[in-house]
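One file, final17.csv, carrying CSV, C-alpha atoms:
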chain,number,residue,atom,x,y,z
Q,133,MET,CA,-5.7,40.7,34.7
Q,134,THR,CA,-9.2,41.4,33.6
Q,135,SER,CA,-11.8,41.2,36.3
Q,136,GLY,CA,-14.7,42.5,34.3
Q,137,PRO,CA,-16.7,40.4,31.8
Q,138,LEU,CA,-14.4,38.3,29.6
Q,139,LEU,CA,-16.6,38.9,26.5
Q,140,PRO,CA,-18.7,41.9,25.8
Q,141,ARG,CA,-22.4,40.9,25.7
Q,142,SER,CA,-22.8,41.9,22.0
Q,143,LEU,CA,-19.8,39.8,21.0
Q,144,GLN,CA,-21.0,36.9,23.1
Q,145,PHE,CA,-24.4,37.0,21.3
Q,146,ALA,CA,-22.7,37.3,17.9
Q,147,ALA,CA,-20.4,34.3,18.5
Q,148,ALA,CA,-23.2,32.2,19.9
Q,149,GLY,CA,-25.3,33.1,16.9
Q,150,VAL,CA,-22.5,32.0,14.5
Q,151,LEU,CA,-21.9,28.7,16.3
Q,152,LEU,CA,-25.7,28.0,16.4
Q,153,ALA,CA,-25.9,28.7,12.7
Q,154,PHE,CA,-23.0,26.3,12.1
Q,155,LEU,CA,-24.7,23.6,14.3
Q,156,ALA,CA,-27.9,24.1,12.3
Q,157,TRP,CA,-26.0,23.7,9.1
Q,158,VAL,CA,-24.4,20.4,10.2
Q,159,VAL,CA,-27.7,19.1,11.4
Q,160,ARG,CA,-29.3,20.1,8.1
Q,161,LEU,CA,-26.6,18.2,6.2
Q,162,ILE,CA,-27.2,15.1,8.3
Q,163,ARG,CA,-30.9,15.3,7.6
Q,164,GLN,CA,-30.3,15.6,3.9
Q,165,GLU,CA,-28.1,12.5,4.2
Q,166,ARG,CA,-25.1,14.4,2.7
Q,167,LEU,CA,-23.2,13.9,6.0
Q,168,SER,CA,-23.2,10.8,8.1
Q,169,VAL,CA,-23.8,11.0,11.8
Q,170,ARG,CA,-20.6,9.1,12.4
Q,171,ASP,CA,-18.4,11.6,10.5
Q,172,SER,CA,-20.2,14.6,12.0
Q,173,LEU,CA,-20.2,13.6,15.6
Q,174,LEU,CA,-16.9,15.3,16.3
Q,175,TRP,CA,-18.1,18.5,14.7
Q,176,LEU,CA,-21.3,18.5,16.7
Q,177,VAL,CA,-19.6,17.8,20.0
Q,178,SER,CA,-16.7,20.2,19.5
Q,179,THR,CA,-19.0,23.0,18.3
Q,180,GLY,CA,-21.3,22.3,21.2
Q,181,ALA,CA,-18.4,22.7,23.6
Q,182,ALA,CA,-17.4,26.0,21.9
Q,183,LEU,CA,-21.0,27.2,22.3
Q,184,VAL,CA,-21.0,26.4,26.1
Q,185,LEU,CA,-17.7,28.3,26.5
Q,186,THR,CA,-19.2,31.3,24.7
Q,187,LEU,CA,-22.3,31.3,26.8
Q,188,PHE,CA,-20.3,30.8,30.1
Q,189,PRO,CA,-17.0,32.5,29.5
Q,190,GLU,CA,-16.1,32.0,33.1
Q,191,GLY,CA,-15.3,28.5,32.1
Q,192,LEU,CA,-12.7,29.8,29.7
Q,193,ARG,CA,-11.1,31.9,32.5
Q,194,LEU,CA,-10.9,28.8,34.7
Q,195,LEU,CA,-9.4,26.8,31.8
Q,196,ALA,CA,-6.8,29.5,31.2
Q,197,HIS,CA,-6.0,29.7,34.9
Q,198,LEU,CA,-5.6,25.9,35.1
Q,199,ALA,CA,-3.3,25.8,32.0
Q,200,GLY,CA,-1.3,28.8,33.3
Q,201,VAL,CA,-2.3,31.0,30.4
Q,202,ALA,CA,-2.1,34.7,31.5
Q,203,VAL,CA,-4.5,36.1,29.0
Q,204,PRO,CA,-7.8,34.2,28.7
Q,205,SER,CA,-8.3,35.2,25.0
Q,206,ASN,CA,-5.0,33.4,24.2
Q,207,ALA,CA,-6.5,30.3,25.7
Q,208,LEU,CA,-9.4,30.9,23.3
Q,209,PHE,CA,-7.1,31.0,20.3
Q,210,ALA,CA,-5.3,27.9,21.4
Q,211,LEU,CA,-8.6,26.1,21.9
Q,212,ALA,CA,-9.8,27.2,18.5
Q,213,ILE,CA,-6.6,25.9,16.8
Q,214,LEU,CA,-6.9,22.6,18.7
Q,215,TYR,CA,-10.5,22.4,17.6
Q,216,LEU,CA,-9.5,22.7,13.9
Q,217,ALA,CA,-6.5,20.4,14.2
Q,218,VAL,CA,-8.6,17.6,15.8
Q,219,ASN,CA,-11.3,17.9,13.3
Q,220,ALA,CA,-8.8,17.9,10.4
Q,221,LEU,CA,-7.1,14.8,11.8
Q,222,SER,CA,-10.4,13.0,12.2
Q,223,LEU,CA,-11.1,13.9,8.5
Q,224,THR,CA,-7.8,12.5,7.4
Q,225,LEU,CA,-8.5,9.3,9.4
Q,226,ALA,CA,-11.8,9.0,7.5
Q,227,VAL,CA,-10.0,9.5,4.2
Q,228,SER,CA,-7.4,6.8,5.0
Q,229,ALA,CA,-10.0,4.3,6.1
Q,230,GLY,CA,-12.0,5.1,2.9
Q,231,ALA,CA,-8.9,4.6,0.7
Q,232,ALA,CA,-8.1,1.2,2.4
Q,233,ARG,CA,-11.6,0.0,1.8
Q,234,THR,CA,-11.6,1.2,-1.8
Q,235,ARG,CA,-8.4,-0.7,-2.4
Q,236,ARG,CA,-9.8,-3.9,-0.9
Q,237,LEU,CA,-13.0,-3.6,-2.9
Q,238,ALA,CA,-11.1,-2.9,-6.2
Q,239,GLN,CA,-9.0,-6.0,-5.5
Q,240,GLU,CA,-12.1,-8.1,-4.8
Q,241,CYS,CA,-13.7,-6.9,-8.0
Q,242,ALA,CA,-10.6,-7.8,-10.0
Q,243,LEU,CA,-10.5,-11.3,-8.4
Q,244,LEU,CA,-14.2,-11.8,-9.2
Q,245,ARG,CA,-13.9,-10.6,-12.7
Q,246,ALA,CA,-11.0,-12.9,-13.4
Q,247,GLU,CA,-13.1,-15.8,-11.9
Q,248,LEU,CA,-16.0,-14.9,-14.2
Q,249,GLU,CA,-13.8,-14.7,-17.3
Q,250,ARG,CA,-12.3,-18.1,-16.4
Q,251,MET,CA,-15.7,-19.7,-16.0
Q,252,ARG,CA,-16.9,-18.2,-19.3
Q,253,GLY,CA,-13.8,-19.5,-21.0
Q,254,GLU,CA,-14.5,-23.0,-19.6
Q,255,GLY,CA,-18.1,-22.9,-20.6
Q,256,LYS,CA,-17.2,-22.1,-24.2
Q,257,ALA,CA,-14.9,-24.9,-25.1
Q,258,ARG,CA,-12.2,-27.0,-23.5
Q,259,PRO,CA,-13.4,-29.2,-20.6
Q,260,GLY,CA,-10.7,-30.6,-18.3
Q,261,PRO,CA,-9.0,-29.5,-15.1
Q,262,ARG,CA,-10.1,-26.2,-13.7
Q,263,GLY,CA,-8.3,-23.7,-16.0
Q,264,ASP,CA,-5.3,-23.4,-13.8
Q,265,ALA,CA,-3.2,-25.2,-16.3
Q,266,HIS,CA,-0.7,-23.0,-18.1
Q,267,PRO,CA,-2.2,-21.9,-21.4
I,260,MET,CA,3.8,-27.8,-6.2
I,261,ARG,CA,1.5,-25.2,-7.8
I,262,ARG,CA,3.3,-22.1,-8.9
I,263,LEU,CA,2.1,-18.7,-9.9
I,264,VAL,CA,3.9,-15.7,-11.3
I,265,ILE,CA,2.4,-12.4,-10.5
I,266,VAL,CA,3.2,-9.7,-13.1
I,267,PRO,CA,2.1,-6.2,-12.1
I,268,ALA,CA,1.7,-4.0,-15.1
I,269,LEU,CA,0.7,-0.5,-15.8
I,270,ASP,CA,0.7,0.8,-19.4
I,271,GLU,CA,3.0,-2.0,-20.6
I,272,GLU,CA,1.2,-3.0,-23.7
I,273,ARG,CA,4.4,-2.9,-25.7
I,274,ALA,CA,6.4,-5.0,-23.3
I,275,ILE,CA,3.9,-7.4,-21.7
I,276,GLY,CA,3.5,-9.7,-24.7
I,277,GLY,CA,7.3,-10.4,-24.7
I,278,VAL,CA,7.4,-11.0,-21.0
I,279,LEU,CA,4.5,-13.5,-21.2
I,280,ALA,CA,6.0,-15.3,-24.3
I,281,GLU,CA,9.3,-15.6,-22.4
I,282,LEU,CA,7.6,-16.9,-19.3
I,283,ARG,CA,5.9,-19.6,-21.4
I,284,THR,CA,9.1,-20.8,-22.9
I,285,ARG,CA,11.6,-20.3,-20.0
I,286,ALA,CA,9.3,-21.0,-17.0
I,287,PRO,CA,6.6,-23.3,-18.4
I,288,GLU,CA,5.7,-24.8,-15.1
I,289,TRP,CA,4.4,-21.5,-13.7
I,290,ASP,CA,0.8,-20.2,-14.1
I,291,VAL,CA,0.7,-16.5,-14.9
I,292,CYS,CA,-1.4,-13.8,-13.4
I,293,VAL,CA,-1.0,-10.3,-14.8
I,294,VAL,CA,-2.4,-7.5,-12.6
I,295,ASP,CA,-3.5,-4.7,-14.9
I,296,ASP,CA,-3.4,-1.7,-12.6
I,297,ALA,CA,-6.0,0.3,-14.5
I,298,SER,CA,-3.8,0.8,-17.6
I,299,SER,CA,-4.9,3.4,-20.1
I,300,ASP,CA,-3.6,1.3,-22.9
I,301,ALA,CA,-4.3,-2.3,-24.0
I,302,THR,CA,-2.1,-4.1,-21.4
I,303,GLY,CA,-5.0,-6.2,-20.1
I,304,ALA,CA,-6.2,-7.2,-23.5
I,305,VAL,CA,-2.7,-8.1,-24.7
I,306,ALA,CA,-2.2,-10.2,-21.6
I,307,ALA,CA,-5.5,-12.0,-21.9
I,308,ALA,CA,-4.9,-12.7,-25.5
I,309,ALA,CA,-1.6,-14.3,-24.5
I,310,GLY,CA,-3.5,-16.7,-22.2
I,311,ALA,CA,-2.7,-15.2,-18.8
I,312,THR,CA,-5.1,-14.8,-16.0
I,313,VAL,CA,-5.7,-11.1,-15.9
I,314,LEU,CA,-6.7,-9.2,-12.7
I,315,ARG,CA,-8.2,-6.0,-13.9
I,316,CYS,CA,-8.1,-3.2,-11.2
I,317,ALA,CA,-11.1,-0.9,-11.8
I,318,VAL,CA,-9.2,2.0,-10.3
I,319,ASN,CA,-5.4,2.5,-10.1
I,320,LEU,CA,-4.2,0.9,-6.8
I,321,GLY,CA,-0.5,1.6,-7.1
I,322,ILE,CA,2.1,-1.1,-7.2
I,323,GLY,CA,1.4,-2.3,-3.6
I,324,GLY,CA,-2.3,-2.7,-4.1
I,325,ALA,CA,-1.8,-4.4,-7.5
I,326,VAL,CA,0.7,-6.9,-6.2
I,327,GLN,CA,-1.5,-7.7,-3.2
I,328,ALA,CA,-4.3,-8.5,-5.6
I,329,GLY,CA,-2.0,-11.1,-7.1
I,330,TYR,CA,-1.2,-12.6,-3.6
I,331,LEU,CA,-4.9,-12.8,-2.9
I,332,TRP,CA,-5.4,-14.7,-6.1
I,333,ALA,CA,-2.5,-17.0,-5.1
I,334,ARG,CA,-3.9,-17.6,-1.6
I,335,ASP,CA,-7.5,-18.1,-2.8
I,336,HIS,CA,-6.4,-20.7,-5.4
I,337,GLY,CA,-4.1,-22.6,-3.1
I,338,TYR,CA,-0.8,-21.9,-4.8
I,339,ASP,CA,2.3,-23.2,-3.0
I,340,LEU,CA,4.6,-20.6,-4.6
I,341,ALA,CA,3.9,-17.1,-5.8
I,342,ALA,CA,6.6,-15.2,-7.7
I,343,GLN,CA,6.6,-11.6,-8.7
I,344,ILE,CA,8.4,-10.2,-11.7
I,345,ASP,CA,8.1,-6.8,-13.3
I,346,GLY,CA,5.9,-6.4,-16.4
I,347,ASP,CA,8.6,-4.5,-18.3
I,348,GLY,CA,10.9,-7.3,-19.2
I,349,GLN,CA,13.7,-6.5,-16.8
I,350,HIS,CA,13.8,-9.9,-15.2
I,351,ASP,CA,14.7,-13.2,-16.8
I,352,PRO,CA,12.0,-15.8,-15.9
I,353,ALA,CA,14.6,-18.6,-16.2
I,354,GLU,CA,15.9,-17.3,-12.8
I,355,LEU,CA,12.7,-18.2,-11.1
I,356,ALA,CA,13.7,-21.8,-10.7
I,357,ARG,CA,16.7,-21.2,-8.5
I,358,ALA,CA,14.7,-18.9,-6.2
I,359,ALA,CA,11.8,-21.4,-6.1
I,360,GLU,CA,14.2,-24.2,-5.1
I,361,LEU,CA,15.2,-22.3,-1.9
I,362,VAL,CA,11.5,-22.0,-0.9
I,363,GLU,CA,10.6,-25.6,-1.8
I,364,SER,CA,13.5,-27.0,0.1
I,365,GLY,CA,12.3,-25.1,3.2
I,366,ARG,CA,15.3,-22.8,3.4
I,367,ALA,CA,13.4,-19.6,2.9
I,368,ASP,CA,9.8,-18.2,3.0
I,369,LEU,CA,10.6,-15.3,0.8
I,370,VAL,CA,13.4,-15.1,-1.8
I,371,VAL,CA,14.5,-11.7,-3.3
I,372,GLY,CA,16.4,-11.5,-6.5
I,373,SER,CA,19.4,-9.3,-6.1
I,374,ARG,CA,21.2,-7.4,-8.8
I,375,PHE,CA,24.2,-6.9,-6.6
I,376,LEU,CA,25.2,-10.4,-5.6
I,377,ARG,CA,26.7,-11.1,-9.0
I,378,GLY,CA,28.9,-8.3,-10.4
I,379,GLY,CA,28.0,-6.2,-13.3
I,380,GLY,CA,24.8,-6.2,-15.4
I,381,PHE,CA,23.1,-3.4,-13.6
I,382,ARG,CA,23.9,0.3,-14.0
I,383,SER,CA,22.1,3.1,-12.3
I,384,THR,CA,22.5,6.7,-11.3
I,385,ALA,CA,24.9,7.4,-8.4
I,386,LEU,CA,22.0,8.8,-6.3
I,387,ARG,CA,19.9,5.7,-6.7
I,388,ARG,CA,22.9,3.4,-5.9
I,389,ALA,CA,23.6,5.5,-2.8
I,390,GLY,CA,19.9,5.3,-1.9
I,391,ILE,CA,20.0,1.5,-2.2
I,392,ARG,CA,23.1,1.3,0.0
I,393,TYR,CA,21.4,3.4,2.6
I,394,LEU,CA,18.3,1.2,2.6
I,395,VAL,CA,20.4,-1.9,2.9
I,396,HIS,CA,22.0,-0.6,6.1
I,397,PHE,CA,18.8,0.9,7.4
I,398,LEU,CA,16.9,-2.3,7.0
I,399,ARG,CA,19.6,-4.2,8.8
I,400,LEU,CA,19.6,-1.7,11.7
I,401,ARG,CA,15.8,-1.5,11.9
I,402,CYS,CA,14.9,-5.1,11.8
I,403,GLY,CA,17.9,-7.2,11.2
I,404,ALA,CA,17.1,-8.0,7.5
I,405,ARG,CA,20.2,-9.0,5.6
I,406,VAL,CA,19.5,-8.1,1.9
I,407,THR,CA,21.7,-6.4,-0.7
I,408,ASP,CA,18.9,-5.3,-3.0
I,409,PRO,CA,15.9,-4.1,-1.0
I,410,THR,CA,14.1,-2.4,-4.0
I,411,SER,CA,14.1,-5.5,-6.2
I,412,GLY,CA,10.8,-6.4,-7.7
I,413,PHE,CA,11.9,-10.0,-8.3
I,414,ARG,CA,10.4,-12.2,-5.5
I,415,VAL,CA,9.4,-15.8,-4.8
I,416,ALA,CA,7.1,-16.3,-1.8
I,417,GLY,CA,6.2,-19.5,-0.1
I,418,ARG,CA,2.8,-20.3,1.5
I,419,ARG,CA,3.6,-18.4,4.7
I,420,ALA,CA,4.7,-15.3,2.8
I,421,ILE,CA,1.7,-15.5,0.5
I,422,GLY,CA,-0.6,-15.6,3.5
I,423,LEU,CA,1.1,-12.6,5.1
I,424,PHE,CA,1.1,-10.5,1.9
I,425,ALA,CA,-2.5,-11.4,1.1
I,426,ALA,CA,-3.5,-10.1,4.5
I,427,ARG,CA,-1.3,-7.1,4.6
I,428,TYR,CA,1.0,-5.4,2.1
I,429,PRO,CA,2.3,-1.9,2.1
I,430,SER,CA,0.6,0.4,-0.5
I,431,ASP,CA,3.2,2.5,-2.3
I,432,TYR,CA,6.9,1.8,-2.7
I,433,PRO,CA,6.3,-1.5,-1.0
I,434,GLU,CA,9.5,-3.5,-1.7
I,435,PRO,CA,11.8,-2.6,1.3
I,436,GLU,CA,8.8,-2.4,3.6
I,437,SER,CA,7.5,-5.8,2.6
I,438,ILE,CA,10.9,-7.3,3.4
I,439,ALA,CA,10.8,-5.7,6.9
I,440,LEU,CA,7.3,-7.0,7.3
I,441,ALA,CA,8.3,-10.5,6.4
I,442,VAL,CA,11.3,-10.5,8.7
I,443,ARG,CA,9.2,-9.0,11.5
I,444,SER,CA,6.7,-11.8,11.1
I,445,GLY,CA,9.3,-14.4,11.6
I,446,LEU,CA,9.7,-15.4,7.9
I,447,ALA,CA,13.1,-16.5,6.6
I,448,VAL,CA,14.1,-14.0,3.8
I,449,ARG,CA,17.0,-14.9,1.5
I,450,GLU,CA,18.5,-13.6,-1.7
I,451,VAL,CA,19.6,-15.1,-5.0
I,452,PRO,CA,21.6,-13.3,-7.6
I,453,VAL,CA,19.6,-12.2,-10.7
I,454,ALA,CA,20.7,-10.3,-13.8
I,455,MET,CA,18.9,-7.1,-14.6
I,456,ARG,CA,18.3,-6.3,-18.3
I,457,GLU,CA,17.4,-3.1,-20.0
I,458,ARG,CA,13.7,-2.4,-20.0
I,459,ALA,CA,12.0,-3.7,-23.1
I,460,ALA,CA,9.8,-0.6,-23.1
I,461,GLY,CA,8.3,1.9,-20.8
I,462,LYS,CA,9.9,3.9,-18.0
I,463,SER,CA,10.9,3.2,-14.4
I,464,SER,CA,8.2,4.2,-12.0
I,465,ILE,CA,11.0,5.8,-9.9
I,466,THR,CA,12.4,8.8,-11.8
I,467,ALA,CA,15.5,10.6,-10.6
I,468,GLY,CA,13.5,13.5,-9.2
I,469,ARG,CA,11.5,11.2,-7.0
I,470,THR,CA,14.4,9.3,-5.5
I,471,LEU,CA,14.7,11.5,-2.5
I,472,TYR,CA,10.9,11.5,-1.9
I,473,TYR,CA,11.1,7.7,-2.2
I,474,LEU,CA,13.8,7.4,0.4
I,475,LEU,CA,12.1,9.8,2.8
I,476,LYS,CA,8.8,7.9,2.5
I,477,VAL,CA,10.4,4.5,2.9
I,478,THR,CA,12.5,5.6,5.9
I,479,LEU,CA,9.3,6.9,7.6
I,480,ALA,CA,7.4,3.7,6.8
I,481,LEU,CA,10.3,1.6,8.2
I,482,LEU,CA,10.6,3.7,11.3
I,483,LEU,CA,6.8,3.4,11.9
I,484,LEU,CA,6.6,-0.3,11.3
I,485,PRO,CA,3.7,-1.8,13.3
I,486,ARG,CA,4.6,-3.8,16.3
I,487,ARG,CA,5.7,-7.3,15.5
I,488,SER,CA,2.8,-9.7,15.6
I,489,GLN,CA,4.8,-12.9,16.2
I,490,PRO,CA,8.1,-13.5,17.8
I,491,SER,CA,10.7,-13.0,15.1
I,492,ASP,CA,13.1,-15.7,14.0
I,493,PRO,CA,16.7,-14.6,14.7
I,494,SER,CA,18.0,-16.8,11.8
I,495,ALA,CA,15.8,-15.0,9.3
So, in terms of structure tokens, how does the structure I just supplied come out?
Amino acid sequence: MTSGPLLPRSLQFAAAGVLLAFLAWVVRLIRQERLSVRDSLLWLVSTGAALVLTLFPEGLRLLAHLAGVAVPSNALFALAILYLAVNALSLTLAVSAGAARTRRLAQECALLRAELERMRGEGKARPGPRGDAHP
Amino acid sequence: MRRLVIVPALDEERAIGGVLAELRTRAPEWDVCVVDDASSDATGAVAAAAGATVLRCAVNLGIGGAVQAGYLWARDHGYDLAAQIDGDGQHDPAELARAAELVESGRADLVVGSRFLRGGGFRSTALRRAGIRYLVHFLRLRCGARVTDPTSGFRVAGRRAIGLFAARYPSDYPEPESIALAVRSGLAVREVPVAMRERAAGKSSITAGRTLYYLLKVTLALLLLPRRSQPSDPSA
């Protein structure tokens, strides 16, 4: 098992740089109001965690040891896949919630429009019981 | 007793006029609410011209979302009964009375019209018939629902079922799932025989190629039914 540094210095810097750039991009999107804080929270937290692991790779070695993974880099791959899967699931959750709300709103619009048409029809001509009578 | 028929319709401009005319003559005591699920043709205009209340969905909601809009209308306007028939002319409105009677007499909360209780009248592909048989058994195993035609779009719902469906209704391929939901919620579900006619116009939303996908989706939905909210009624 490796006893030297887990990540070469240069690679460590490169990875940290990429992660920082990604964080900056997410922050920029939030400030431009193209991304809500709510939806981006998981990205910020998980990318922050990845950054910490890059800067302190000993943590990765500890994690690998705890999980019984022989090669720490494999633990890294597993973590990376988990990171993507969790973020994708959270995205799907947001899509589902959005679809349910859209459906409810479209139904409400349809109900209101029908109410409006009914009121207009009553205003035009026939008085009498609220237009529920069969035409 | 205030009665409403919900008629979900998507691109049925050729059939909907006939369905509404027939409702007026054969089921005159029912108010009619057509749910136009964002048709690309004149379905909504034809229905409005025929005097029906039209719920116009601004975006396509799928059959479940459209039907639920109808139940919301029924609930908000205090209807005692809400029926559901297809917008393509497959169902005979005269058969609503018998189903309504079961609900009005308190013997059922939800009545489903079955094509199989009375022999003949309905022909389909072997695959679809096998699929329906499978759903019948699966529904009974899963939640004890005893129905013979779980995919039928002919329904009559009483107040409790209206309230349930207005609050929650499955989105796509909702028929078997809504039966399970009703049984799970302790509602009494019964069937009456109905005849099934050739479609006046248009095509079934379930084409042969989609049957297997349909069965898979419905199976999954039934397996993953949410936990029951109220104790279920064993007589249901």
Separation of CA of Arg170 (chain Q) from CA of Val150 (chain Q), in Å and rounded to one decimal: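 Taking CA of Arg170 (chain Q) as the start and CA of Val150 (chain Q) as the end point, the length is 23.1 Å.
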What are the closest atom pairs, with distances in Å to one decimal, for each residue of chain I lying within 6 Å of chain Q, using all atoms listed in the file, rows by chain and rising residue number, as a Markdown table?
| residue | atom | partner | partner_atom | distance |
| --- | --- | --- | --- | --- |
| I:Asp290 | CA | Q:His266 | CA | 5.1 |
| I:Gly310 | CA | Q:Pro267 | CA | 5.4 |
| I:Leu314 | CA | Q:Ala242 | CA | 4.9 |
| I:Arg315 | CA | Q:Ala242 | CA | 4.9 |
| I:Cys316 | CA | Q:Ala242 | CA | 5.4 |
| I:Ala317 | CA | Q:Ala238 | CA | 5.9 |
| I:Ala328 | CA | Q:Gln239 | CA | 5.3 |
Name the closest residue to Leu248 (chain Q) among the candidates I:Ala359, I:Val313, I:Val371, I:Leu400; distances are taken between atoms, counting all atoms listed in the file.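 The closest residue to Leu248 (chain Q) is I:Val313.
Within 6 Å of Trp289 (chain I), once all atoms listed in the file are used and residues closer than 2 positions along the same chain are dropped, the contacting residues are Arg262, Leu263, Ala286 and Pro287 of chain I.
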The distance between CA of Thr179 (chain Q) and CA of Ala212 (chain Q) is 10.1 Å
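Our summary of the geometry notes that CA of Gly329 (chain I) is positioned 11.2 Å from CA of Tyr428 (chain I).
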Neighbouring residues of Ser222 (chain Q) were defined as those with any atom within 10 Å, considering all atoms listed in the file; residues of the same chain fewer than 4 positions away were excluded. Please report them as a PyMOL selection string. chain Q and resi 171-172+174-175+216-218+226-228
Among the residues I:Val362, I:Val266, I:Ala304, I:Val293, the one that comes closest to Glu450 (chain I) [using all atoms listed in the file]: I:Val362
Selected residue of minimal separation from Asp431 (chain I) among I:Gly445, I:Gly321, I:Gly346, I:Gly365, counting all atoms listed in the file: I:Gly321
Give me the residues within 10 Å of Val453 (chain I) as a PDB file with C-alpha atoms, in the frame of the given file, counting all atoms listed in the file and dropping any in the same chain fewer than 5 places off.
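So result_32.pdb came out as:
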ATOM      1  CA  HIS I 350      13.800  -9.900 -15.200  1.00  0.00           C
ATOM      2  CA  ASP I 351      14.700 -13.200 -16.800  1.00  0.00           C
ATOM      3  CA  PRO I 352      12.000 -15.800 -15.900  1.00  0.00           C
ATOM      4  CA  ALA I 353      14.600 -18.600 -16.200  1.00  0.00           C
ATOM      5  CA  GLU I 354      15.900 -17.300 -12.800  1.00  0.00           C
ATOM      6  CA  LEU I 355      12.700 -18.200 -11.100  1.00  0.00           C
ATOM      7  CA  ARG I 357      16.700 -21.200  -8.500  1.00  0.00           C
ATOM      8  CA  ALA I 358      14.700 -18.900  -6.200  1.00  0.00           C
ATOM      9  CA  VAL I 371      14.500 -11.700  -3.300  1.00  0.00           C
ATOM     10  CA  GLY I 372      16.400 -11.500  -6.500  1.00  0.00           C
ATOM     11  CA  SER I 373      19.400  -9.300  -6.100  1.00  0.00           C
ATOM     12  CA  ARG I 374      21.200  -7.400  -8.800  1.00  0.00           C
ATOM     13  CA  PHE I 375      24.200  -6.900  -6.600  1.00  0.00           C
ATOM     14  CA  LEU I 376      25.200 -10.400  -5.600  1.00  0.00           C
ATOM     15  CA  ARG I 377      26.700 -11.100  -9.000  1.00  0.00           C
ATOM     16  CA  GLY I 380      24.800  -6.200 -15.400  1.00  0.00           C
ATOM     17  CA  PHE I 381      23.100  -3.400 -13.600  1.00  0.00           C
ATOM     18  CA  SER I 411      14.100  -5.500  -6.200  1.00  0.00           C
ATOM     19  CA  PHE I 413      11.900 -10.000  -8.300  1.00  0.00           C
TER      20      PHE I 413
END
Test item: residues at most 12 Å from Ala333 (chain I), all atoms listed in the file, excluding those fewer than 4 positions along its chain, as an MDAnalysis selection string: (chainID Q and resid 243 264) or (chainID I and resid 261:265 289:293 312 314 326:329 337:343 415:426)
Might you pull out every residue within 12 Å of Leu484 (chain I), with all atoms listed in the file counted and same-chain residues fewer than 4 positions away left off, and present them as a list in words?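 The neighbour list is Leu398, Arg401, Cys402, Tyr428, Pro429, Pro435, Glu436, Ser437, Ile438, Ala439, Leu440, Ala441, Val442, Arg443, Ser444, Val477, Thr478, Leu479, Ala480 and Ser488 of chain I.
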From the options Q:Leu208, Q:Ala146, Q:Leu151, Q:Val169, which residue's atoms come nearest to Pro189 (chain Q), counting only C-alpha atoms?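 Comparing Q:Leu208, Q:Ala146, Q:Leu151, Q:Val169 against Pro189 (chain Q), the winner is Q:Leu208.
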